[in-house]
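Structure first, then comments.
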Amino acid sequence: MLLNRDRADALMDREDIAVVVASTPINTYYLSSWATDASWGFGDLAMAILPRNHALDAAVLTVEVDMGQPQQGQGTWMAVRGYARKPGIGAGGVQGVLTAEGLPQNHQEAVAQYLRELGLDRSRVAFEDRGLGLDVSALLGGTIDVVPARDLLRDIRMVKTPAEMANMRAAARKTELSLQLSAEALAAGATCAEAERVFWSAAALAGGRPVFLLITPYRPGFGRLTKNAKLQQGDMVTFDATAEFAHYTSDIGRTAVIGEPSPEQLKRYNATRLGWHASLSHFRAGALSTDVEKAVVASIQAHGNPDFRACGLHSVGLEHTDHPHPGGGMHTFELVDRMVLSCDLPWIGPEIGKFHFEDIIYLDGDTVEILNDADGRLMACIDGRTVRVD
């Protein structure tokens, strides 16, 4: 099960919520592990209903044609209920009679009917989609108290289960391998545009799903280059990449230098590497993200790069930013045990070069686990191959 049921129970109790209704693919998948191609690809076709009371049946509500689709992974632990999307489609996706009589006619009716069956039609219901909540409330005669669930679900998802961590370790591995192959292409003479295509292909061949690659060529003393520019000795290329596995993401940043790094580039790189390692004790449950960011910046400055200014923390999971962020902003958040974090460390010295380093961090009690190779951050492209600079 992907869902952290204990954390869900605790947060639902805190907010006095009787049932949560998820309606996006991410959260339907998280609550139920149901992720058919139809429900994921077309959006709001499958919803997950999670009652706080464990004696009540949780359920996936989906269009009938989706009910018979092969499921990913081990399938769902929830009951699966169908509703009619159009006449003529029967249960399991087979051709039925040209009527949908007796079935809810749309997803709003399906949710309202199921809440009635559970006896939760006069309760406090958290809806991921406020509009869906208001529609269901109208169908029920205004008897439910509709409250928002989007950030509640993010809050639940902050604490990862073992099943989630298996997916995240796989996602980090596939992202890192794809980045390394992309850098190898640069070493063999590829432009950044060509190396970018290597990343997209490599992630897919490794069994992942490439999501994005921000690849930026930079020439000290000149600035940013175009992706099609022919690279020369001393140029630097930064990577910021994500590939998914089983819908779980990663976020890793690396830097490649064409040829041998200069002494000043090595000095600034070592300041970042040593300063970041020295700051890991600040990554602990109960700390505020902004306090950790300040500690990382101060440590890197103290280790030899007084010009370093920016560190960015965010949680990672089913979303690139997997912690609550009301209104869409990047707010300060409190670190919690068993969460996964990404730590962005970008820096530009106009005459020196451009660096970007980013690692995936898992907090497990007093242990700070790095899910990727934390020492393979800088690569030198020499004689057609990449050489790690540790």
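Residues in the structure tokens are numbered from 1 in each chain, the chains being A, B, ... in the order shown, and ligands are numbered from 1 in the order shown.
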TODO: Report as a ChimeraX atom specification: the residues of segment 134-232 of chain A with a DSSP assignment of strand (DSSP E or B), based on the backbone of this structure.
DONE: /A:145-148,209-219,223-224
- [ ] For Asn4 of chain A, list every protein, DNA or RNA residue within 8 Å, evaluated using only C-alpha atoms, and leave out those in the same chain fewer than 5 positions away; present the list as a ChimeraX atom specification.
- [x] /A:156-157,159-161
TODO: Excluding segment 370-381 of chain A and any residue of its chain fewer than 3 positions from it, enumerate the residues within 8 Å of it, using only C-alpha atoms, and give them as a ChimeraX atom specification.
DONE: /A:169,172-173,176,183-184,186-187,253-261,269,273,357,359-362,384-390
Task: For segment 298-307 of chain A: contacts at 8 Å, only C-alpha atoms, fewer than 6 positions along chain excluded, given as a ChimeraX atom specification - done: /A:267-268,270-276,278-279
Residues as selected, all heavy atoms, written as a short mmCIF file (atom, residue, chain, number, x, y, z; two decimals), in the first residue's frame, can you do that?
data_model
loop_
_atom_site.label_atom_id
_atom_site.label_comp_id
_atom_site.auth_asym_id
_atom_site.auth_seq_id
_atom_site.Cartn_x
_atom_site.Cartn_y
_atom_site.Cartn_z
N LYS A 267 38.11 25.03 -6.50
CA LYS A 267 37.97 25.65 -5.17
C LYS A 267 36.49 25.87 -4.84
O LYS A 267 36.03 25.53 -3.73
CB LYS A 267 38.73 26.97 -5.15
CG LYS A 267 38.56 27.74 -3.84
CD LYS A 267 39.26 29.10 -3.92
CE LYS A 267 38.98 29.91 -2.65
NZ LYS A 267 39.62 31.26 -2.71
N ARG A 268 35.75 26.42 -5.80
CA ARG A 268 34.32 26.70 -5.54
C ARG A 268 33.52 25.40 -5.44
O ARG A 268 32.61 25.30 -4.63
CB ARG A 268 33.76 27.59 -6.64
CG ARG A 268 34.49 28.90 -6.84
CD ARG A 268 34.48 29.79 -5.60
NE ARG A 268 35.26 30.99 -5.80
CZ ARG A 268 34.80 32.23 -5.59
NH1 ARG A 268 33.57 32.40 -5.14
NH2 ARG A 268 35.58 33.28 -5.79
N ASN A 270 34.68 22.46 -4.37
CA ASN A 270 34.99 21.84 -3.09
C ASN A 270 34.31 22.55 -1.93
O ASN A 270 33.90 21.92 -0.96
CB ASN A 270 36.51 21.80 -2.86
CG ASN A 270 37.15 20.59 -3.50
OD1 ASN A 270 36.57 19.51 -3.49
ND2 ASN A 270 38.33 20.77 -4.08
N ALA A 271 34.18 23.86 -2.02
CA ALA A 271 33.46 24.61 -0.98
C ALA A 271 32.02 24.13 -0.90
O ALA A 271 31.48 23.93 0.20
CB ALA A 271 33.52 26.11 -1.28
N THR A 272 31.41 23.93 -2.05
CA THR A 272 30.03 23.45 -2.07
C THR A 272 29.94 22.03 -1.53
O THR A 272 29.10 21.72 -0.67
CB THR A 272 29.47 23.49 -3.51
OG1 THR A 272 29.58 24.82 -4.02
CG2 THR A 272 28.02 23.07 -3.53
N ARG A 273 30.81 21.16 -2.01
CA ARG A 273 30.77 19.75 -1.59
C ARG A 273 31.02 19.61 -0.09
O ARG A 273 30.25 18.95 0.62
CB ARG A 273 31.82 18.98 -2.38
CG ARG A 273 31.91 17.50 -2.03
CD ARG A 273 32.92 16.80 -2.94
NE ARG A 273 34.27 17.29 -2.74
CZ ARG A 273 35.11 16.80 -1.84
NH1 ARG A 273 34.74 15.81 -1.05
NH2 ARG A 273 36.34 17.28 -1.73
N LEU A 274 32.08 20.23 0.40
CA LEU A 274 32.44 20.08 1.82
C LEU A 274 31.45 20.82 2.72
O LEU A 274 31.07 20.32 3.78
CB LEU A 274 33.86 20.61 2.04
CG LEU A 274 34.97 19.84 1.32
CD1 LEU A 274 36.30 20.56 1.49
CD2 LEU A 274 35.05 18.41 1.82
N GLY A 275 31.03 22.00 2.29
CA GLY A 275 30.08 22.77 3.09
C GLY A 275 28.74 22.08 3.23
O GLY A 275 28.13 22.06 4.31
N TRP A 276 28.28 21.48 2.13
CA TRP A 276 26.99 20.78 2.17
C TRP A 276 27.08 19.56 3.08
O TRP A 276 26.20 19.33 3.91
CB TRP A 276 26.59 20.37 0.75
CG TRP A 276 25.28 19.66 0.70
CD1 TRP A 276 24.04 20.23 0.78
CD2 TRP A 276 25.08 18.26 0.56
NE1 TRP A 276 23.08 19.26 0.69
CE2 TRP A 276 23.69 18.04 0.55
CE3 TRP A 276 25.94 17.17 0.42
CZ2 TRP A 276 23.13 16.78 0.42
CZ3 TRP A 276 25.39 15.91 0.29
CH2 TRP A 276 24.01 15.71 0.30
N ALA A 278 29.02 19.13 5.57
CA ALA A 278 29.14 19.58 6.96
C ALA A 278 27.82 20.08 7.53
O ALA A 278 27.65 20.14 8.75
CB ALA A 278 30.20 20.68 7.05
N SER A 279 26.88 20.42 6.66
CA SER A 279 25.59 20.98 7.12
C SER A 279 24.51 19.92 7.29
O SER A 279 23.39 20.24 7.71
CB SER A 279 25.11 22.04 6.13
OG SER A 279 24.72 21.45 4.90
#
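Counting only C-alpha atoms, Ala138 of chain A has the following residues at most 12 Å away, ignoring those fewer than 4 positions along the same chain: Gln108, Glu109, Val111, Ala112, Asp121, Gly131, Leu132, Gly133, Leu134, Gly142, Thr143, Ile144, Asp145 and Val146 of chain A.
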TODO: List the neighbours of Met165 of chain A out to 10 Å using only C-alpha atoms; skip same-chain residues closer than 2 positions along the sequence, and give me the result as a ChimeraX atom specification.
DONE: /A:2,160-163,167-171,248,317,338-340,362,371
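When only C-alpha atoms are used to compute distances to Glu128 of chain A, the closest of the residues A:Met158, A:Leu50, A:Val296, A:Ala285 turns out to be A:Leu50.
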Task: Selection: 8 Å around Val297 of chain A, only C-alpha atoms, excl. self and same-chain fewer than 6 positions, as a list in words - done: Phe308, Arg309, Ala310 and Cys311 of chain A
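Rounded to one decimal, atom CA of Ser137 of chain A and atom CA of Asp155 of chain A lie 24.6 Å from each other.
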TODO: Enter the distance from atom CA of Thr36 of chain A to atom CA of Gly208 of chain A, in Å, rounded to one decimal.
DONE: 16.9 Å
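As for atom CA of Phe212 of chain A and atom CA of Asp240 of chain A, they are spaced 8.0 Å apart.
Of the residues listed (A:Gly75, A:Pro324, A:Pro51, A:Pro148), A:Gly75 shows the shortest atom-to-atom separation from Trp34 of chain A; distances use only C-alpha atoms.
Of the residues under consideration (A:Val211, A:Leu363, A:Met67, A:Ala193), A:Met67 shows the shortest atom-to-atom contact distance to Ala79 of chain A when counting only C-alpha atoms.
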Open item on the list: Based on the backbone DSSP call, show me all residues of segment 151-271 of chain A assigned helix (DSSP H, G or I), as a PyMOL selection string.
Closed with: chain A and resi 151-157+162-187+192-205+263-271
